[in-house]
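S.K.: Sharing coords_35.txt (compact mmCIF, C-alpha atoms) below.
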# COMPACT_ATOMS: atom_id res chain seq x y z
CA ALA G 1 12.37 -6.55 12.48
CA GLN G 2 11.34 -3.82 10.10
CA LYS G 3 9.50 -0.72 11.19
CA VAL G 4 8.30 2.48 9.57
CA THR G 5 7.27 5.47 11.64
CA GLN G 6 5.22 8.36 10.36
CA ALA G 7 4.90 10.51 13.44
CA GLN G 8 2.58 13.05 11.84
CA THR G 9 -0.96 11.71 11.98
CA GLU G 10 -2.57 14.69 10.31
CA ILE G 11 -1.31 17.89 8.73
CA SER G 12 -3.40 20.83 7.57
CA VAL G 13 -2.01 23.51 5.30
CA VAL G 14 -3.33 26.32 3.18
CA GLU G 15 -3.01 26.01 -0.54
CA LYS G 16 0.35 27.09 -1.95
CA GLU G 17 2.17 26.34 1.26
CA ASP G 18 5.04 23.87 1.24
CA VAL G 19 4.64 20.80 3.42
CA THR G 20 7.01 18.03 4.47
CA LEU G 21 5.86 14.58 5.48
CA ASP G 22 8.29 12.72 7.71
CA CYS G 23 9.24 9.06 7.50
CA VAL G 24 11.70 7.21 9.70
CA TYR G 25 12.51 3.58 9.15
CA GLU G 26 14.27 0.76 10.97
CA THR G 27 15.96 -2.24 9.44
CA ARG G 28 19.12 -4.26 9.88
CA ASP G 29 19.30 -5.09 6.20
CA THR G 30 21.85 -3.24 4.12
CA THR G 31 19.80 -3.60 0.96
CA TYR G 32 16.31 -2.24 1.07
CA TYR G 33 13.83 -0.09 -0.81
CA LEU G 34 11.72 2.79 0.38
CA PHE G 35 8.42 3.81 -1.13
CA TRP G 36 5.88 6.57 -0.89
CA TYR G 37 2.26 6.01 -1.86
CA LYS G 38 -0.67 8.39 -2.03
CA GLN G 39 -4.13 7.20 -1.02
CA PRO G 40 -6.93 9.58 -2.03
CA PRO G 41 -10.44 9.19 -0.53
CA SER G 42 -11.38 6.72 -3.26
CA GLY G 43 -8.97 4.26 -1.67
CA GLU G 44 -6.54 3.23 -4.38
CA LEU G 45 -2.84 3.41 -3.61
CA VAL G 46 -0.93 5.53 -6.08
CA PHE G 47 2.78 4.79 -6.41
CA LEU G 48 4.90 7.93 -6.07
CA ILE G 49 8.49 6.87 -5.71
CA ARG G 50 10.87 4.01 -5.00
CA ARG G 51 14.36 4.56 -3.66
CA ASN G 52 16.98 1.89 -3.02
CA SER G 53 19.33 1.97 -0.07
CA PHE G 54 22.42 2.60 -2.17
CA ASP G 55 21.11 5.72 -3.82
CA GLU G 56 21.04 8.69 -1.50
CA GLN G 57 20.52 11.26 -4.17
CA ASN G 58 17.56 13.43 -3.54
CA GLU G 59 14.89 13.37 -6.18
CA ILE G 60 12.56 15.98 -7.55
CA SER G 61 9.49 15.33 -9.64
CA GLY G 62 7.49 18.42 -10.36
CA ARG G 63 6.20 19.76 -7.05
CA TYR G 64 7.32 16.61 -5.23
CA SER G 65 10.75 16.07 -3.75
CA TRP G 66 12.25 13.43 -1.53
CA ASN G 67 15.13 13.65 0.92
CA PHE G 68 16.78 10.34 1.75
CA GLN G 69 19.20 10.45 4.68
CA LYS G 70 20.68 7.09 5.66
CA SER G 71 22.50 8.65 8.60
CA THR G 72 19.16 9.42 10.25
CA SER G 73 17.18 6.59 8.60
CA SER G 74 14.76 9.07 7.17
CA PHE G 75 13.01 9.42 3.84
CA ASN G 76 11.02 12.63 3.95
CA PHE G 77 8.62 13.84 1.31
CA THR G 78 8.05 17.49 0.48
CA ILE G 79 5.23 18.94 -1.57
CA THR G 80 5.95 22.42 -2.84
CA ALA G 81 3.11 24.88 -3.44
CA SER G 82 0.51 22.43 -2.23
CA GLN G 83 -2.84 22.14 -3.95
CA VAL G 84 -6.25 20.95 -2.82
CA VAL G 85 -5.83 17.86 -5.01
CA ASP G 86 -2.87 16.87 -2.86
CA SER G 87 -5.27 16.14 -0.01
CA ALA G 88 -4.91 12.44 0.75
CA VAL G 89 -3.30 9.97 3.09
CA TYR G 90 0.35 9.40 2.33
CA PHE G 91 2.09 6.18 3.26
CA CYS G 92 5.77 5.51 3.55
CA ALA G 93 6.77 1.86 3.15
CA LEU G 94 9.86 -0.29 3.47
CA LEU G 95 10.81 -3.37 1.46
CA THR G 96 13.65 -5.56 2.68
CA GLY G 97 15.19 -8.89 1.86
CA GLY G 98 14.35 -10.88 -1.21
CA GLY G 99 10.62 -10.81 -0.86
CA ASN G 100 8.02 -8.27 -1.78
CA LYS G 101 6.36 -7.79 1.59
CA LEU G 102 6.01 -4.14 2.36
CA THR G 103 6.07 -2.72 5.85
CA PHE G 104 3.86 0.35 5.97
CA GLY G 105 3.90 3.34 8.22
CA THR G 106 0.65 4.43 9.79
CA GLY G 107 0.15 7.13 7.21
CA THR G 108 -0.15 10.91 7.33
CA GLN G 109 -3.45 12.56 6.46
CA LEU G 110 -2.72 15.73 4.52
CA LYS G 111 -5.47 18.31 4.20
CA VAL G 112 -4.91 21.22 1.86
CA GLU G 113 -7.46 23.98 2.20
CA LEU G 114 -8.21 27.03 0.12
CA GLY H 1 -2.50 3.45 -16.49
CA ALA H 2 -3.23 0.77 -13.95
CA VAL H 3 -0.94 -2.24 -13.90
CA VAL H 4 -2.93 -4.11 -11.28
CA SER H 5 -6.69 -4.30 -11.52
CA GLN H 6 -9.08 -5.31 -8.79
CA HIS H 7 -12.74 -6.22 -9.04
CA PRO H 8 -15.29 -5.45 -7.73
CA SER H 9 -14.59 -1.95 -6.47
CA TRP H 10 -17.30 -2.28 -3.89
CA VAL H 11 -19.69 -4.98 -2.80
CA ILE H 12 -22.48 -5.29 -0.29
CA CYS H 13 -23.43 -8.75 0.87
CA LYS H 14 -25.61 -10.37 3.46
CA SER H 15 -24.17 -11.85 6.60
CA GLY H 16 -23.37 -15.52 6.12
CA THR H 17 -22.71 -15.34 2.40
CA SER H 18 -19.38 -15.55 0.62
CA VAL H 19 -17.77 -12.86 -1.50
CA LYS H 20 -15.00 -13.20 -4.07
CA ILE H 21 -12.58 -10.42 -4.95
CA GLU H 22 -10.30 -10.65 -7.98
CA CYS H 23 -6.85 -9.20 -8.46
CA ARG H 24 -5.31 -9.19 -11.91
CA SER H 25 -1.89 -8.17 -13.11
CA LEU H 26 -2.14 -6.39 -16.45
CA ASP H 27 0.47 -7.02 -19.12
CA PHE H 28 2.81 -8.85 -16.77
CA GLN H 29 2.99 -12.12 -14.91
CA ALA H 30 2.97 -12.08 -11.15
CA THR H 31 4.07 -15.25 -9.41
CA THR H 32 3.39 -13.57 -6.12
CA MET H 33 0.59 -11.24 -5.11
CA PHE H 34 -0.29 -9.83 -1.74
CA TRP H 35 -3.59 -9.18 -0.03
CA TYR H 36 -4.02 -6.37 2.48
CA ARG H 37 -6.84 -5.22 4.66
CA GLN H 38 -7.38 -1.68 5.82
CA PHE H 39 -9.79 -0.48 8.47
CA PRO H 40 -10.91 3.17 8.44
CA LYS H 41 -8.15 5.61 9.31
CA GLN H 42 -5.65 2.81 9.79
CA SER H 43 -2.69 1.50 7.88
CA LEU H 44 -2.62 -1.47 5.59
CA MET H 45 -2.27 -4.84 7.23
CA LEU H 46 -0.85 -7.70 5.23
CA MET H 47 -3.20 -10.67 5.31
CA ALA H 48 -1.48 -13.19 3.09
CA THR H 49 0.95 -13.85 0.30
CA SER H 50 -0.60 -15.48 -2.72
CA ASN H 51 1.70 -17.87 -4.56
CA GLU H 52 0.91 -19.07 -8.04
CA GLY H 53 0.41 -22.81 -8.11
CA SER H 54 0.79 -23.34 -4.39
CA LYS H 55 -0.86 -22.57 -1.10
CA ALA H 56 -1.03 -19.05 0.17
CA THR H 57 1.03 -17.99 3.15
CA TYR H 58 -1.06 -16.33 5.83
CA GLU H 59 0.07 -13.79 8.37
CA GLN H 60 -0.36 -14.55 12.03
CA GLY H 61 -3.90 -14.08 13.21
CA VAL H 62 -5.51 -14.37 9.78
CA GLU H 63 -7.96 -17.25 9.45
CA LYS H 64 -7.05 -19.19 6.34
CA ASP H 65 -10.37 -21.01 6.29
CA LYS H 66 -12.23 -17.75 6.31
CA PHE H 67 -10.11 -15.89 3.79
CA LEU H 68 -9.56 -18.31 0.95
CA ILE H 69 -6.90 -17.35 -1.56
CA ASN H 70 -6.48 -18.93 -4.95
CA HIS H 71 -3.71 -18.03 -7.38
CA ALA H 72 -4.58 -20.26 -10.29
CA SER H 73 -2.77 -18.35 -13.00
CA LEU H 74 0.14 -15.97 -13.32
CA THR H 75 -2.17 -13.00 -13.75
CA LEU H 76 -5.01 -13.72 -11.35
CA SER H 77 -5.37 -14.11 -7.61
CA THR H 78 -8.71 -14.30 -5.85
CA LEU H 79 -9.68 -13.66 -2.26
CA THR H 80 -12.90 -15.24 -1.04
CA VAL H 81 -14.36 -14.08 2.24
CA THR H 82 -16.42 -17.03 3.41
CA SER H 83 -19.43 -16.78 5.70
CA ALA H 84 -18.95 -13.05 5.90
CA HIS H 85 -19.94 -11.15 9.02
CA PRO H 86 -20.30 -7.41 9.63
CA GLU H 87 -16.87 -7.30 11.28
CA ASP H 88 -15.38 -8.40 7.96
CA SER H 89 -16.50 -5.10 6.46
CA SER H 90 -13.31 -3.41 5.38
CA PHE H 91 -11.23 -2.20 2.46
CA TYR H 92 -9.32 -5.02 0.80
CA ILE H 93 -6.47 -4.27 -1.57
CA CYS H 94 -4.03 -6.42 -3.48
CA SER H 95 -0.54 -5.79 -4.82
CA ALA H 96 1.89 -7.32 -7.26
CA SER H 97 5.50 -6.69 -8.09
CA VAL H 98 6.53 -5.86 -11.61
CA PRO H 99 9.12 -8.47 -12.64
CA SER H 100 11.56 -5.91 -13.99
CA GLY H 101 12.27 -4.40 -10.62
CA ASN H 102 11.19 -3.94 -7.06
CA THR H 103 8.38 -1.57 -7.76
CA ILE H 104 5.14 -2.72 -6.21
CA TYR H 105 1.81 -1.67 -7.61
CA PHE H 106 -1.56 -1.88 -5.97
CA GLY H 107 -5.00 -2.58 -7.27
CA GLU H 108 -7.82 -0.09 -6.91
CA GLY H 109 -9.06 -1.82 -3.79
CA SER H 110 -12.44 -3.30 -2.90
CA TRP H 111 -14.83 -1.93 -0.33
CA LEU H 112 -16.72 -4.76 1.36
CA THR H 113 -19.80 -4.08 3.43
CA VAL H 114 -21.50 -6.97 5.16
CA VAL H 115 -25.03 -6.27 6.34
Show how you would write the structure in this file as structure tokens.
M.R.:
Amino acid sequence: AQKVTQAQTEISVVEKEDVTLDCVYETRDTTYYLFWYKQPPSGELVFLIRRNSFDEQNEISGRYSWNFQKSTSSFNFTITASQVVDSAVYFCALLTGGGNKLTFGTGTQLKVEL
Amino acid sequence: GAVVSQHPSWVICKSGTSVKIECRSLDFQATTMFWYRQFPKQSLMLMATSNEGSKATYEQGVEKDKFLINHASLTLSTLTVTSAHPEDSSFYICSASVPSGNTIYFGEGSWLTVV
């Protein structure tokens, strides 16, 4: 069975601080994909990144960076110099097998304050 | 821009009536779409897999007669909440996979309030 754990329910930071959102996953599949989505208060899910299981290179996109560690089954997300607009719920998700059914974590509410 | 569009964004209906929510893939064909439900401060729960030209596959515990799914074309799936009750009030969101890869995009979501 697939499982995604986001242990941090809520994180509060002050603007310009760096913040890391943790994601730990479980799967027996050797081929899988990991995703991060942002859900602002309006509700839509904004795609941030997809990473396949064979690519452990870390990725940086502007203030966002992702650290994929297969050895610890983790796919952590770091926001550098956080901004108020980063306030949202962030979901980590796992896609396995040949289908397109995502397994979501419970989400982390990030609050960035002035 | 959006690749999956959902309509309406929000709807209020009376208890006992039915409500239809549309999910469209823009500029690509989606043989499979997914419908999720999200209660406040909770994660997304998969309700069903919508298959073009065939019956939807429902997750355990989801009433197929209450949540009717129709995937009549390669770009449109609809979710109809029949005989809605206040406990059906929730955020409903659909997704589709872009054929070129395993990237999954979501619609804007629909807020349903049953009064």
S.K.: Residues near His85 in chain H, anyone? I mean within 10 Å using only C-alpha atoms, not counting same-chain ones fewer than 4 positions away, as a ChimeraX atom specification.
M.R.: /H:13-18,81,89,113-115
S.K.: Report as a list in words the set of chain G residues whose atoms approach chain H to within 6 Å, with distances computed over all atoms listed in the file.
M.R.: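 Residues satisfying the distance criterion: Glu44, Leu45 and Thr106 of chain G.
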S.K.: Which residues, written as a PyMOL selection string, have at least one atom at most 7 Å from His7 in chain H, with all atoms listed in the file counted and residues fewer than 4 positions away on the same chain left out?
M.R.: chain H and resi 21-23+110
S.K.: Using the file's own x, y and z axes, so that the box edges lie along x, y and z, what centre and edge lengths in Å (one decimal) does a box around every listed atom of range 84-100 of chain G get when 3 Å is added on each side? Give it as lines of an AutoDock Vina configuration file.
M.R.:
center_x = 4.5
center_y = 5.0
center_z = -0.7
size_x = 27.4
size_y = 37.8
size_z = 14.6
S.K.: I'd like the contact shell of range 50-64 of chain G - 10 Å cut-off, all atoms listed in the file, skipping same-chain residues fewer than 4 positions apart - returned as a PyMOL selection string.
M.R.: (chain G and resi 18-20+29-37+68-70+75-83+93-96) or (chain H and resi 102-104)
S.K.: Please identify all polymer residues within 6 Å of Glu10 in chain G, counting all atoms listed in the file, omitting same-chain residues fewer than 4 positions from it, and present them as a PyMOL selection string.
M.R.: chain G and resi 108-110
S.K.: Hey, can you check how far CA of Ala84 in chain H sits from CA of Val19 in chain H?
M.R.: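 Separation between CA of Ala84 in chain H and CA of Val19 in chain H: 7.5 Å.
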S.K.: Quick check, in Å to one decimal: how far apart do CA of Phe39 in chain H and CA of Pro86 in chain H lie?
M.R.: 12.6 Å
S.K.: Just want the 12 Å neighbourhood of range 69-72 of chain H, counted on all atoms listed in the file, with same-chain residues fewer than 4 positions away dropped. Output as an MDAnalysis selection string.
M.R.: chainID H and resid 19:25 29:35 47:58 62:65 76:82 94
S.K.: Selected residues, C-alpha atoms, written as a PDB file, in the coordinates of the input, please.
M.R.:
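New file selection_27.pdb:
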ATOM      1  CA  VAL H  19     -17.770 -12.860  -1.500  1.00  0.00           C
ATOM      2  CA  LYS H  20     -15.000 -13.200  -4.070  1.00  0.00           C
ATOM      3  CA  ILE H  21     -12.580 -10.420  -4.950  1.00  0.00           C
ATOM      4  CA  GLU H  22     -10.300 -10.650  -7.980  1.00  0.00           C
ATOM      5  CA  CYS H  23      -6.850  -9.200  -8.460  1.00  0.00           C
ATOM      6  CA  ARG H  24      -5.310  -9.190 -11.910  1.00  0.00           C
ATOM      7  CA  SER H  25      -1.890  -8.170 -13.110  1.00  0.00           C
ATOM      8  CA  GLN H  29       2.990 -12.120 -14.910  1.00  0.00           C
ATOM      9  CA  ALA H  30       2.970 -12.080 -11.150  1.00  0.00           C
ATOM     10  CA  THR H  31       4.070 -15.250  -9.410  1.00  0.00           C
ATOM     11  CA  THR H  32       3.390 -13.570  -6.120  1.00  0.00           C
ATOM     12  CA  MET H  33       0.590 -11.240  -5.110  1.00  0.00           C
ATOM     13  CA  PHE H  34      -0.290  -9.830  -1.740  1.00  0.00           C
ATOM     14  CA  TRP H  35      -3.590  -9.180  -0.030  1.00  0.00           C
ATOM     15  CA  MET H  47      -3.200 -10.670   5.310  1.00  0.00           C
ATOM     16  CA  ALA H  48      -1.480 -13.190   3.090  1.00  0.00           C
ATOM     17  CA  THR H  49       0.950 -13.850   0.300  1.00  0.00           C
ATOM     18  CA  SER H  50      -0.600 -15.480  -2.720  1.00  0.00           C
ATOM     19  CA  ASN H  51       1.700 -17.870  -4.560  1.00  0.00           C
ATOM     20  CA  GLU H  52       0.910 -19.070  -8.040  1.00  0.00           C
ATOM     21  CA  GLY H  53       0.410 -22.810  -8.110  1.00  0.00           C
ATOM     22  CA  SER H  54       0.790 -23.340  -4.390  1.00  0.00           C
ATOM     23  CA  LYS H  55      -0.860 -22.570  -1.100  1.00  0.00           C
ATOM     24  CA  ALA H  56      -1.030 -19.050   0.170  1.00  0.00           C
ATOM     25  CA  THR H  57       1.030 -17.990   3.150  1.00  0.00           C
ATOM     26  CA  TYR H  58      -1.060 -16.330   5.830  1.00  0.00           C
ATOM     27  CA  VAL H  62      -5.510 -14.370   9.780  1.00  0.00           C
ATOM     28  CA  GLU H  63      -7.960 -17.250   9.450  1.00  0.00           C
ATOM     29  CA  LYS H  64      -7.050 -19.190   6.340  1.00  0.00           C
ATOM     30  CA  ASP H  65     -10.370 -21.010   6.290  1.00  0.00           C
ATOM     31  CA  LEU H  76      -5.010 -13.720 -11.350  1.00  0.00           C
ATOM     32  CA  SER H  77      -5.370 -14.110  -7.610  1.00  0.00           C
ATOM     33  CA  THR H  78      -8.710 -14.300  -5.850  1.00  0.00           C
ATOM     34  CA  LEU H  79      -9.680 -13.660  -2.260  1.00  0.00           C
ATOM     35  CA  THR H  80     -12.900 -15.240  -1.040  1.00  0.00           C
ATOM     36  CA  VAL H  81     -14.360 -14.080   2.240  1.00  0.00           C
ATOM     37  CA  THR H  82     -16.420 -17.030   3.410  1.00  0.00           C
ATOM     38  CA  CYS H  94      -4.030  -6.420  -3.480  1.00  0.00           C
TER      39      CYS H  94
END
S.K.: Pick the closest to Val98 in chain H from H:Trp10, H:Phe28, H:Tyr36, H:Phe67: which is it, counting all atoms listed in the file?
M.R.: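 Selected residue with least distance to Val98 in chain H: H:Phe28.
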S.K.: Could you state the separation of CA of Gly43 in chain G and CA of Asn67 in chain G in Å, given to one decimal place?
M.R.: 26.0 Å
S.K.: Return the single residue from G:Gly105, G:Asp86, G:Cys92, G:Lys38 that is closest to Glu17 in chain G, with distances computed using only C-alpha atoms.
M.R.: G:Asp86
S.K.: Please determine, counting all atoms listed in the file, which residue among G:Ser12, G:Ser65, G:Gln2, G:Ser74 has the shortest atom-to-atom distance to Phe104 in chain G.
M.R.: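 Ranking G:Ser12, G:Ser65, G:Gln2, G:Ser74 by distance to Phe104 in chain G, first place goes to G:Gln2.
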S.K.: For Val13 in chain G, which residue among G:Lys101, G:Val84, G:Val89, G:Glu26 is the nearest when counting all atoms listed in the file?
M.R.: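 Closest candidate: G:Val84.
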